[in-house]
Amino acid sequence: MADTRAIGVFDSGLGGLTVLSAIQRILPNESTVYLGDTARVPYGTKSPQTVIRYALNNARALLSFAPLKMLVVACNTVDSVAHEALQDALSIPVVGVIEPGARAALSRGNTRSVAVLATAGTVSSKAYEHALRKQGFTGEIYSQACPLFVPLVEEGLIAGPIAESVAKHYLQHLPKQVDSVILGCTHYPLLLPLLKNTLSTSPQWIDSGNEVALAVKNELEMRNLQAPSGEGVTRRYLVTDAPTRFEQLSEFYLGKPVSPRNVELVDVGAGS
Ligand code: DGL
């Protein structure tokens with residue numbers, strides 16, 4: 001039996017739209033409800049306890065706004081500390097970004113070293129290290145927190161002298177030879193052209209959006225939860241603050257415009 005319930009996707013703000021874009025491209029028959037916690041972004045500098053509280057709060061709110069068949073955590077910072085808590089609290093499957101990203105980084109088979117670029121929260125959680133080791137990786141792992149990347153992307157400064165000098169500042173710490181670089185924050189795919197230009201070598205760049213969408217497809221098939229093909233696909237966008245800003249910026253992240261009538265301002269409560 002086809003399942004018409006939507007897939008819930010959430011992030012601290014706009015970055016998760018890069019993951020949603022891949023889900024909508026790979027699974028065009030699936031309805032989606034996206035929640036961007038624009039009132040409380042950024043999460044990357046907050047404590048694990050606060051991020052877990054916000055994550056549970058957002059997930060429960062999403063479930064109260066729409067019947068969902070799956071939850072996608074489109075935020076590395078959340079997934080790195082709250083994946084287990086979310087799966088324990090919810091009766092629907094939870095798909096995160098860390099595990100698919102780590103798998104993609106090792107997909108070529110001859111990877112000897114991996115670099116992880118992420119928020120301070122994701123780096124200090126060591127979630128990527130754990131995921132890579134769990135998949136049997138024994139090579140070198142370098143992690144670099146890049147706290148200025150999110151504000152750069154939020155300001156649309158993805159090229160030019162300021163962005164170049166920030167990218168140089170962070171990437172100079174990476175060793176010369178690195179096989180895969182994981183873009184461990186859903187904002188970072190927008191910086192990819194800049195990052196490629198900054199590094200003199202050509203590693204495999206991992207944008208986990210695609211991998212997450214494939215993991216979602218796989219889960220839906222395994223659990224027999226696919227939507228019927230054809231009509232009735234809905235795309236809702238919920239934000240906790242500044243819906244007009246979301247409407248203006250979302251095309252930059254999603255690659256296509258979002259109709260203002262699909263954007264709703266919601267209250268997810270304070271969380272407890
Ligand atoms: N999108 C978040 C992530 O993937 C980072 C943004 C934030 O700091 O809230 O980690």
# chains A, B, ... in the order shown; residues from 1 in each chain; ligands from 1
$ residues_near_ligand --ligand "ligand 1" --cutoff "9 Å" --atoms "only C-alpha atoms and all ligand atoms" --output "ChimeraX atom specification"
/A:11-16,37-38,40-46,74-80,97,118-122,147,150-151,183-188
$ write_last_selection --atoms "N, CA and C atoms" --output "short mmCIF file (atom, residue, chain, number, x, y, z; two decimals), in the first residue's frame"
data_model
loop_
_atom_site.label_atom_id
_atom_site.label_comp_id
_atom_site.auth_asym_id
_atom_site.auth_seq_id
_atom_site.Cartn_x
_atom_site.Cartn_y
_atom_site.Cartn_z
N ASP A 11 16.19 21.54 10.10
CA ASP A 11 17.53 22.09 10.28
C ASP A 11 17.41 23.29 11.21
N SER A 12 18.55 23.79 11.65
CA SER A 12 18.55 24.98 12.48
C SER A 12 18.07 26.20 11.69
N GLY A 13 18.17 26.16 10.38
CA GLY A 13 17.76 27.33 9.60
C GLY A 13 17.59 26.98 8.14
N LEU A 14 18.42 27.60 7.31
CA LEU A 14 18.27 27.43 5.86
C LEU A 14 19.17 26.35 5.25
N GLY A 15 20.27 26.01 5.92
CA GLY A 15 21.26 25.09 5.36
C GLY A 15 20.66 23.75 4.95
N GLY A 16 19.70 23.26 5.72
CA GLY A 16 19.10 21.95 5.44
C GLY A 16 18.37 21.91 4.10
N ASP A 37 14.52 26.23 11.98
CA ASP A 37 14.37 26.90 13.28
C ASP A 37 15.10 28.25 13.24
N THR A 38 14.61 29.12 12.36
CA THR A 38 15.28 30.39 12.10
C THR A 38 15.33 31.33 13.31
N ARG A 40 16.22 30.32 16.29
CA ARG A 40 17.26 29.90 17.24
C ARG A 40 18.59 29.57 16.57
N VAL A 41 18.65 29.72 15.21
CA VAL A 41 19.90 29.49 14.50
C VAL A 41 20.94 30.50 15.00
N PRO A 42 22.23 30.21 15.16
CA PRO A 42 22.88 28.96 14.82
C PRO A 42 22.87 27.96 15.97
N TYR A 43 22.96 26.68 15.63
CA TYR A 43 23.09 25.62 16.63
C TYR A 43 24.57 25.27 16.85
N GLY A 44 25.38 25.55 15.84
CA GLY A 44 26.77 25.06 15.82
C GLY A 44 27.62 25.54 16.98
N THR A 45 27.21 26.60 17.64
CA THR A 45 28.00 27.13 18.75
C THR A 45 27.34 26.81 20.10
N LYS A 46 26.24 26.06 20.07
CA LYS A 46 25.50 25.79 21.33
C LYS A 46 25.94 24.47 21.96
N ALA A 74 18.42 17.22 8.84
CA ALA A 74 19.25 17.84 7.80
C ALA A 74 20.23 18.84 8.40
N CYS A 75 20.76 18.49 9.57
CA CYS A 75 21.71 19.36 10.27
C CYS A 75 22.74 18.47 10.93
N ASN A 76 23.99 18.66 10.56
CA ASN A 76 25.07 17.84 11.12
C ASN A 76 25.21 18.04 12.62
N THR A 77 25.04 19.30 13.04
CA THR A 77 25.21 19.62 14.46
C THR A 77 24.18 18.87 15.30
N VAL A 78 22.95 18.81 14.81
CA VAL A 78 21.90 18.06 15.52
C VAL A 78 22.18 16.58 15.45
N ASP A 79 22.47 16.09 14.23
CA ASP A 79 22.65 14.65 14.07
C ASP A 79 23.82 14.14 14.92
N SER A 80 24.83 14.99 15.09
CA SER A 80 26.03 14.54 15.82
C SER A 80 25.78 14.33 17.32
N VAL A 97 22.47 12.81 8.73
CA VAL A 97 23.42 13.17 7.68
C VAL A 97 24.81 12.57 7.90
N ALA A 118 33.44 21.27 9.61
CA ALA A 118 32.12 21.27 10.27
C ALA A 118 32.03 22.40 11.29
N THR A 119 30.88 22.49 11.93
CA THR A 119 30.72 23.49 12.99
C THR A 119 31.52 23.03 14.23
N ALA A 120 31.71 23.96 15.17
CA ALA A 120 32.45 23.62 16.39
C ALA A 120 31.74 22.49 17.14
N GLY A 121 30.41 22.52 17.15
CA GLY A 121 29.64 21.49 17.85
C GLY A 121 29.85 20.11 17.25
N THR A 122 29.80 20.02 15.93
CA THR A 122 29.99 18.73 15.26
C THR A 122 31.40 18.22 15.47
N PRO A 147 33.83 28.01 12.12
CA PRO A 147 32.67 28.77 12.60
C PRO A 147 32.26 29.96 11.74
N VAL A 150 29.28 29.52 8.31
CA VAL A 150 27.81 29.65 8.32
C VAL A 150 27.40 31.12 8.14
N PRO A 151 27.97 32.07 8.94
CA PRO A 151 27.59 33.46 8.69
C PRO A 151 27.93 33.95 7.29
N LEU A 183 32.04 17.81 3.65
CA LEU A 183 31.41 19.10 3.96
C LEU A 183 30.40 18.80 5.06
N GLY A 184 30.89 18.85 6.31
CA GLY A 184 30.11 18.36 7.45
C GLY A 184 29.15 19.36 8.04
N CYS A 185 28.60 20.21 7.21
CA CYS A 185 27.59 21.18 7.63
C CYS A 185 26.75 21.46 6.40
N THR A 186 25.44 21.51 6.58
CA THR A 186 24.58 21.60 5.40
C THR A 186 24.64 22.97 4.71
N HIS A 187 25.31 23.94 5.32
CA HIS A 187 25.54 25.22 4.64
C HIS A 187 26.71 25.13 3.65
N TYR A 188 27.65 24.23 3.91
CA TYR A 188 28.92 24.29 3.20
C TYR A 188 28.88 23.95 1.72
#
$ residues_around --residues "region 200-204 of chain A" --least-positions-apart "4" --cutoff "12 Å" --atoms "only C-alpha atoms" --output "mmCIF file with N, CA, C and O atoms, in the first residue's frame"
data_model
loop_
_atom_site.group_PDB
_atom_site.id
_atom_site.type_symbol
_atom_site.label_atom_id
_atom_site.label_comp_id
_atom_site.auth_asym_id
_atom_site.auth_seq_id
_atom_site.Cartn_x
_atom_site.Cartn_y
_atom_site.Cartn_z
ATOM 1 N N ALA A 104 29.880 7.883 2.217
ATOM 2 C CA ALA A 104 30.266 8.442 0.919
ATOM 3 C C ALA A 104 31.764 8.754 0.867
ATOM 4 O O ALA A 104 32.411 8.570 -0.162
ATOM 5 N N ALA A 105 32.304 9.201 2.003
ATOM 6 C CA ALA A 105 33.737 9.554 2.042
ATOM 7 C C ALA A 105 34.622 8.337 1.799
ATOM 8 O O ALA A 105 35.759 8.460 1.349
ATOM 9 N N LEU A 106 34.102 7.155 2.097
ATOM 10 C CA LEU A 106 34.902 5.932 1.951
ATOM 11 C C LEU A 106 34.508 5.143 0.710
ATOM 12 O O LEU A 106 35.027 4.054 0.467
ATOM 13 N N SER A 107 33.625 5.732 -0.106
ATOM 14 C CA SER A 107 33.023 4.945 -1.199
ATOM 15 C C SER A 107 34.020 4.551 -2.275
ATOM 16 O O SER A 107 33.794 3.594 -3.009
ATOM 17 N N ARG A 108 35.113 5.280 -2.425
ATOM 18 C CA ARG A 108 36.068 4.936 -3.483
ATOM 19 C C ARG A 108 36.935 3.725 -3.137
ATOM 20 O O ARG A 108 37.600 3.169 -3.993
ATOM 21 N N GLY A 109 36.954 3.389 -1.858
ATOM 22 C CA GLY A 109 37.646 2.157 -1.474
ATOM 23 C C GLY A 109 39.131 2.319 -1.190
ATOM 24 O O GLY A 109 39.693 1.535 -0.454
ATOM 25 N N ASN A 110 39.798 3.343 -1.760
ATOM 26 C CA ASN A 110 41.241 3.480 -1.508
ATOM 27 C C ASN A 110 41.543 4.739 -0.682
ATOM 28 O O ASN A 110 42.603 5.333 -0.794
ATOM 29 N N THR A 111 40.579 5.113 0.151
ATOM 30 C CA THR A 111 40.738 6.341 0.943
ATOM 31 C C THR A 111 41.675 6.091 2.126
ATOM 32 O O THR A 111 41.436 5.202 2.935
ATOM 33 N N ARG A 112 42.740 6.922 2.199
ATOM 34 C CA ARG A 112 43.678 6.761 3.330
ATOM 35 C C ARG A 112 43.551 7.885 4.343
ATOM 36 O O ARG A 112 43.957 7.764 5.479
ATOM 37 N N SER A 113 42.999 9.017 3.881
ATOM 38 C CA SER A 113 42.847 10.131 4.827
ATOM 39 C C SER A 113 41.583 10.912 4.502
ATOM 40 O O SER A 113 41.222 11.086 3.343
ATOM 41 N N VAL A 114 40.923 11.361 5.570
ATOM 42 C CA VAL A 114 39.652 12.083 5.427
ATOM 43 C C VAL A 114 39.740 13.369 6.253
ATOM 44 O O VAL A 114 40.224 13.346 7.387
ATOM 45 N N ALA A 115 39.285 14.463 5.668
ATOM 46 C CA ALA A 115 39.180 15.707 6.435
ATOM 47 C C ALA A 115 37.703 16.020 6.627
ATOM 48 O O ALA A 115 36.892 15.806 5.722
ATOM 49 N N VAL A 116 37.373 16.501 7.817
ATOM 50 C CA VAL A 116 35.986 16.875 8.115
ATOM 51 C C VAL A 116 35.959 18.374 8.398
ATOM 52 O O VAL A 116 36.640 18.856 9.304
ATOM 53 N N LYS A 168 40.911 30.293 3.186
ATOM 54 C CA LYS A 168 42.355 30.043 3.293
ATOM 55 C C LYS A 168 42.745 29.815 4.755
ATOM 56 O O LYS A 168 43.515 28.926 5.084
ATOM 57 N N LEU A 171 41.505 26.245 5.676
ATOM 58 C CA LEU A 171 42.052 25.114 4.910
ATOM 59 C C LEU A 171 43.569 25.001 5.040
ATOM 60 O O LEU A 171 44.130 23.941 4.762
ATOM 61 N N GLN A 172 44.223 26.070 5.473
ATOM 62 C CA GLN A 172 45.688 26.002 5.614
ATOM 63 C C GLN A 172 46.107 24.963 6.668
ATOM 64 O O GLN A 172 47.229 24.484 6.668
ATOM 65 N N LEU A 174 44.832 21.998 6.947
ATOM 66 C CA LEU A 174 44.721 20.619 6.445
ATOM 67 C C LEU A 174 46.067 20.162 5.884
ATOM 68 O O LEU A 174 46.782 20.951 5.276
ATOM 69 N N PRO A 175 46.393 18.889 6.059
ATOM 70 C CA PRO A 175 47.630 18.399 5.469
ATOM 71 C C PRO A 175 47.533 18.414 3.936
ATOM 72 O O PRO A 175 46.432 18.406 3.382
ATOM 73 N N LYS A 176 48.667 18.446 3.267
ATOM 74 C CA LYS A 176 48.701 18.560 1.798
ATOM 75 C C LYS A 176 47.895 17.452 1.112
ATOM 76 O O LYS A 176 47.134 17.693 0.195
ATOM 77 N N GLN A 177 48.118 16.223 1.571
ATOM 78 C CA GLN A 177 47.462 15.101 0.905
ATOM 79 C C GLN A 177 46.252 14.603 1.682
ATOM 80 O O GLN A 177 46.396 13.978 2.722
ATOM 81 N N VAL A 178 45.077 14.882 1.186
ATOM 82 C CA VAL A 178 43.904 14.354 1.845
ATOM 83 C C VAL A 178 43.005 13.782 0.739
ATOM 84 O O VAL A 178 42.852 14.381 -0.324
ATOM 85 N N ASP A 179 42.471 12.563 0.943
ATOM 86 C CA ASP A 179 41.739 11.906 -0.144
ATOM 87 C C ASP A 179 40.288 12.373 -0.248
ATOM 88 O O ASP A 179 39.771 12.562 -1.339
ATOM 89 N N SER A 180 39.613 12.509 0.914
ATOM 90 C CA SER A 180 38.210 12.948 0.905
ATOM 91 C C SER A 180 38.034 14.101 1.869
ATOM 92 O O SER A 180 38.596 14.079 2.970
ATOM 93 N N VAL A 181 37.250 15.087 1.466
ATOM 94 C CA VAL A 181 36.900 16.173 2.390
ATOM 95 C C VAL A 181 35.384 16.165 2.562
ATOM 96 O O VAL A 181 34.635 16.324 1.590
ATOM 97 N N ILE A 182 34.943 15.936 3.796
ATOM 98 C CA ILE A 182 33.504 15.919 4.078
ATOM 99 C C ILE A 182 33.035 17.336 4.391
ATOM 100 O O ILE A 182 33.575 17.991 5.284
ATOM 101 N N LEU A 183 32.041 17.810 3.651
ATOM 102 C CA LEU A 183 31.414 19.099 3.957
ATOM 103 C C LEU A 183 30.405 18.801 5.065
ATOM 104 O O LEU A 183 29.246 18.491 4.805
ATOM 105 N N LEU A 192 31.338 25.264 -2.050
ATOM 106 C CA LEU A 192 32.197 24.299 -2.734
ATOM 107 C C LEU A 192 33.103 24.924 -3.814
ATOM 108 O O LEU A 192 34.315 24.641 -3.825
ATOM 109 N N PRO A 193 32.590 25.788 -4.718
ATOM 110 C CA PRO A 193 33.491 26.378 -5.725
ATOM 111 C C PRO A 193 34.654 27.129 -5.069
ATOM 112 O O PRO A 193 35.806 27.012 -5.496
ATOM 113 N N LEU A 194 34.352 27.861 -4.004
ATOM 114 C CA LEU A 194 35.381 28.616 -3.280
ATOM 115 C C LEU A 194 36.410 27.659 -2.662
ATOM 116 O O LEU A 194 37.625 27.873 -2.768
ATOM 117 N N LEU A 195 35.933 26.578 -2.031
ATOM 118 C CA LEU A 195 36.829 25.638 -1.354
ATOM 119 C C LEU A 195 37.717 24.928 -2.368
ATOM 120 O O LEU A 195 38.913 24.727 -2.147
ATOM 121 N N LYS A 196 37.133 24.565 -3.506
ATOM 122 C CA LYS A 196 37.916 23.902 -4.560
ATOM 123 C C LYS A 196 39.042 24.808 -5.043
ATOM 124 O O LYS A 196 40.148 24.357 -5.289
#
$ residues_around --residues "region 54-56 of chain A" --least-positions-apart "6" --cutoff "8 Å" --atoms "only C-alpha atoms" --output "PyMOL selection string"
chain A and resi 78+82+85-86+89+271
$ atom_distance --atom1 "CA of Leu190 (chain A)" --atom2 "CA of Ala213 (chain A)"
17.5 Å
$ closest_residue --among "A:Leu17, A:Val268, A:Leu254, A:Ala215" --to "Arg53 (chain A)" --atoms "only C-alpha atoms"
A:Val268
$ atom_distance --atom1 "CA of Val72 (chain A)" --atom2 "CA of Ile92 (chain A)"
10.4 Å
$ closest_residue --among "A:His169, A:Arg223, A:Arg103, A:Arg236" --to "Phe65 (chain A)" --atoms "only C-alpha atoms"
A:Arg236
$ closest_residue --among "A:Arg5, A:Val73, A:Tyr170, A:Arg245" --to "Ala145 (chain A)" --atoms "only C-alpha atoms"
A:Tyr170
$ closest_residue --among "A:Glu211, A:Asp3, A:Glu99, A:Glu84" --to "Gly232 (chain A)" --atoms "only C-alpha atoms"
A:Asp3
$ select_by_dssp --residues "region 186-241 of chain A" --states "strand (DSSP E)" --output "PyMOL selection string"
chain A and resi 204-206+235-239
$ write_last_selection --atoms "all heavy atoms" --output "PDB file, in the first residue's frame"
ATOM      1  N   GLN A 204      38.314  14.144  -3.086  1.00  0.00           N
ATOM      2  CA  GLN A 204      36.904  13.863  -3.331  1.00  0.00           C
ATOM      3  C   GLN A 204      36.104  14.720  -2.339  1.00  0.00           C
ATOM      4  O   GLN A 204      36.312  14.601  -1.120  1.00  0.00           O
ATOM      5  CB  GLN A 204      36.660  12.369  -3.077  1.00  0.00           C
ATOM      6  CG  GLN A 204      35.269  11.920  -3.396  1.00  0.00           C
ATOM      7  CD  GLN A 204      34.967  10.507  -2.898  1.00  0.00           C
ATOM      8  OE1 GLN A 204      35.708   9.942  -2.090  1.00  0.00           O
ATOM      9  NE2 GLN A 204      33.885   9.938  -3.364  1.00  0.00           N
ATOM     10  N   TRP A 205      35.242  15.594  -2.833  1.00  0.00           N
ATOM     11  CA  TRP A 205      34.458  16.461  -1.945  1.00  0.00           C
ATOM     12  C   TRP A 205      33.129  15.787  -1.648  1.00  0.00           C
ATOM     13  O   TRP A 205      32.422  15.388  -2.580  1.00  0.00           O
ATOM     14  CB  TRP A 205      34.206  17.818  -2.615  1.00  0.00           C
ATOM     15  CG  TRP A 205      35.448  18.610  -2.818  1.00  0.00           C
ATOM     16  CD1 TRP A 205      36.243  18.615  -3.934  1.00  0.00           C
ATOM     17  CD2 TRP A 205      36.069  19.502  -1.882  1.00  0.00           C
ATOM     18  NE1 TRP A 205      37.317  19.460  -3.758  1.00  0.00           N
ATOM     19  CE2 TRP A 205      37.232  20.024  -2.512  1.00  0.00           C
ATOM     20  CE3 TRP A 205      35.761  19.916  -0.582  1.00  0.00           C
ATOM     21  CZ2 TRP A 205      38.073  20.930  -1.874  1.00  0.00           C
ATOM     22  CZ3 TRP A 205      36.604  20.828   0.042  1.00  0.00           C
ATOM     23  CH2 TRP A 205      37.740  21.322  -0.590  1.00  0.00           C
ATOM     24  N   ILE A 206      32.781  15.675  -0.382  1.00  0.00           N
ATOM     25  CA  ILE A 206      31.557  14.968  -0.010  1.00  0.00           C
ATOM     26  C   ILE A 206      30.476  15.938   0.447  1.00  0.00           C
ATOM     27  O   ILE A 206      30.544  16.531   1.518  1.00  0.00           O
ATOM     28  CB  ILE A 206      31.821  13.946   1.128  1.00  0.00           C
ATOM     29  CG1 ILE A 206      32.982  13.010   0.765  1.00  0.00           C
ATOM     30  CG2 ILE A 206      30.543  13.160   1.463  1.00  0.00           C
ATOM     31  CD1 ILE A 206      32.775  12.159  -0.458  1.00  0.00           C
ATOM     32  N   ARG A 235       4.522  20.463  -0.738  1.00  0.00           N
ATOM     33  CA  ARG A 235       5.825  20.951  -0.249  1.00  0.00           C
ATOM     34  C   ARG A 235       5.563  22.109   0.693  1.00  0.00           C
ATOM     35  O   ARG A 235       5.204  23.197   0.248  1.00  0.00           O
ATOM     36  CB  ARG A 235       6.674  21.437  -1.438  1.00  0.00           C
ATOM     37  CG  ARG A 235       6.781  20.382  -2.531  1.00  0.00           C
ATOM     38  CD  ARG A 235       8.191  19.948  -2.729  1.00  0.00           C
ATOM     39  NE  ARG A 235       8.262  18.596  -3.245  1.00  0.00           N
ATOM     40  CZ  ARG A 235       8.678  18.280  -4.465  1.00  0.00           C
ATOM     41  NH1 ARG A 235       9.026  19.234  -5.291  1.00  0.00           N
ATOM     42  NH2 ARG A 235       8.775  17.021  -4.821  1.00  0.00           N
ATOM     43  N   ARG A 236       5.700  21.847   1.984  1.00  0.00           N
ATOM     44  CA  ARG A 236       5.451  22.916   2.966  1.00  0.00           C
ATOM     45  C   ARG A 236       6.771  23.350   3.586  1.00  0.00           C
ATOM     46  O   ARG A 236       7.660  22.528   3.790  1.00  0.00           O
ATOM     47  CB  ARG A 236       4.523  22.408   4.079  1.00  0.00           C
ATOM     48  CG  ARG A 236       3.093  22.206   3.636  1.00  0.00           C
ATOM     49  CD  ARG A 236       2.284  21.562   4.762  1.00  0.00           C
ATOM     50  NE  ARG A 236       2.077  22.435   5.918  1.00  0.00           N
ATOM     51  CZ  ARG A 236       1.602  22.018   7.088  1.00  0.00           C
ATOM     52  NH1 ARG A 236       1.297  20.732   7.266  1.00  0.00           N
ATOM     53  NH2 ARG A 236       1.450  22.863   8.092  1.00  0.00           N
ATOM     54  N   TYR A 237       6.845  24.618   3.917  1.00  0.00           N
ATOM     55  CA  TYR A 237       8.049  25.178   4.537  1.00  0.00           C
ATOM     56  C   TYR A 237       7.621  25.912   5.800  1.00  0.00           C
ATOM     57  O   TYR A 237       6.817  26.845   5.724  1.00  0.00           O
ATOM     58  CB  TYR A 237       8.749  26.132   3.557  1.00  0.00           C
ATOM     59  CG  TYR A 237       9.159  25.429   2.282  1.00  0.00           C
ATOM     60  CD1 TYR A 237       8.273  25.332   1.207  1.00  0.00           C
ATOM     61  CD2 TYR A 237      10.394  24.816   2.183  1.00  0.00           C
ATOM     62  CE1 TYR A 237       8.621  24.647   0.056  1.00  0.00           C
ATOM     63  CE2 TYR A 237      10.753  24.131   1.035  1.00  0.00           C
ATOM     64  CZ  TYR A 237       9.865  24.045  -0.028  1.00  0.00           C
ATOM     65  OH  TYR A 237      10.213  23.354  -1.162  1.00  0.00           O
ATOM     66  N   LEU A 238       8.110  25.467   6.944  1.00  0.00           N
ATOM     67  CA  LEU A 238       7.747  26.090   8.218  1.00  0.00           C
ATOM     68  C   LEU A 238       8.991  26.761   8.804  1.00  0.00           C
ATOM     69  O   LEU A 238      10.088  26.190   8.759  1.00  0.00           O
ATOM     70  CB  LEU A 238       7.246  25.025   9.202  1.00  0.00           C
ATOM     71  CG  LEU A 238       6.247  23.984   8.668  1.00  0.00           C
ATOM     72  CD1 LEU A 238       5.889  22.986   9.765  1.00  0.00           C
ATOM     73  CD2 LEU A 238       4.995  24.648   8.136  1.00  0.00           C
ATOM     74  N   VAL A 239       8.818  27.945   9.331  1.00  0.00           N
ATOM     75  CA  VAL A 239       9.941  28.638   9.972  1.00  0.00           C
ATOM     76  C   VAL A 239       9.495  29.182  11.322  1.00  0.00           C
ATOM     77  O   VAL A 239       8.310  29.478  11.514  1.00  0.00           O
ATOM     78  CB  VAL A 239      10.501  29.797   9.109  1.00  0.00           C
ATOM     79  CG1 VAL A 239      11.243  29.277   7.900  1.00  0.00           C
ATOM     80  CG2 VAL A 239       9.416  30.769   8.689  1.00  0.00           C
TER      81      VAL A 239
END
$ atom_distance --atom1 "CA of Gly101 (chain A)" --atom2 "CA of Asp207 (chain A)"
7.3 Å
$ residues_around --residues "Ile7 (chain A)" --least-positions-apart "3" --cutoff "8 Å" --atoms "only C-alpha atoms" --output "PyMOL selection string"
chain A and resi 30-33+68-72
$ write_last_selection --atoms "N, CA and C atoms" --output "PDB file, in the first residue's frame"
ATOM      1  N   GLU A  30       7.423  12.240  -3.412  1.00  0.00           N
ATOM      2  CA  GLU A  30       7.236  12.333  -1.962  1.00  0.00           C
ATOM      3  C   GLU A  30       6.872  13.758  -1.534  1.00  0.00           C
ATOM      4  N   SER A  31       5.883  13.877  -0.666  1.00  0.00           N
ATOM      5  CA  SER A  31       5.558  15.170  -0.063  1.00  0.00           C
ATOM      6  C   SER A  31       6.576  15.452   1.041  1.00  0.00           C
ATOM      7  N   THR A  32       6.907  16.723   1.221  1.00  0.00           N
ATOM      8  CA  THR A  32       7.885  17.070   2.254  1.00  0.00           C
ATOM      9  C   THR A  32       7.373  18.242   3.099  1.00  0.00           C
ATOM     10  N   VAL A  33       7.743  18.222   4.367  1.00  0.00           N
ATOM     11  CA  VAL A  33       7.502  19.367   5.246  1.00  0.00           C
ATOM     12  C   VAL A  33       8.858  19.734   5.833  1.00  0.00           C
ATOM     13  N   LEU A  68       3.624  12.350   9.574  1.00  0.00           N
ATOM     14  CA  LEU A  68       4.906  12.076   8.911  1.00  0.00           C
ATOM     15  C   LEU A  68       5.211  10.586   8.918  1.00  0.00           C
ATOM     16  N   LYS A  69       5.935  10.117   7.905  1.00  0.00           N
ATOM     17  CA  LYS A  69       6.335   8.703   7.892  1.00  0.00           C
ATOM     18  C   LYS A  69       7.827   8.538   8.172  1.00  0.00           C
ATOM     19  N   MET A  70       8.546   9.662   8.131  1.00  0.00           N
ATOM     20  CA  MET A  70       9.996   9.604   8.371  1.00  0.00           C
ATOM     21  C   MET A  70      10.493  10.996   8.747  1.00  0.00           C
ATOM     22  N   LEU A  71      11.564  11.028   9.541  1.00  0.00           N
ATOM     23  CA  LEU A  71      12.159  12.318   9.895  1.00  0.00           C
ATOM     24  C   LEU A  71      13.603  12.352   9.401  1.00  0.00           C
ATOM     25  N   VAL A  72      13.944  13.405   8.677  1.00  0.00           N
ATOM     26  CA  VAL A  72      15.321  13.572   8.213  1.00  0.00           C
ATOM     27  C   VAL A  72      15.956  14.719   8.977  1.00  0.00           C
TER      28      VAL A  72
END
$ select_by_dssp --residues "region 153-264 of chain A" --states "alpha helix (DSSP H)" --output "PyMOL selection string"
chain A and resi 153-154+161-171+192-198+208-222+243-254
$ closest_residue --among "A:Ser165, A:Gln49, A:Asn58, A:Ser143" --to "Glu129 (chain A)" --atoms "only C-alpha atoms"
A:Ser143
$ residues_around --residues "Ala39 (chain A)" --least-positions-apart "3" --cutoff "8 Å" --atoms "only C-alpha atoms" --output "MDAnalysis selection string"
chainID A and resid 239:242
$ closest_residue --among "A:Leu63, A:Ile141, A:Ile52, A:Gly209" --to "His83 (chain A)" --atoms "only C-alpha atoms"
A:Ile52
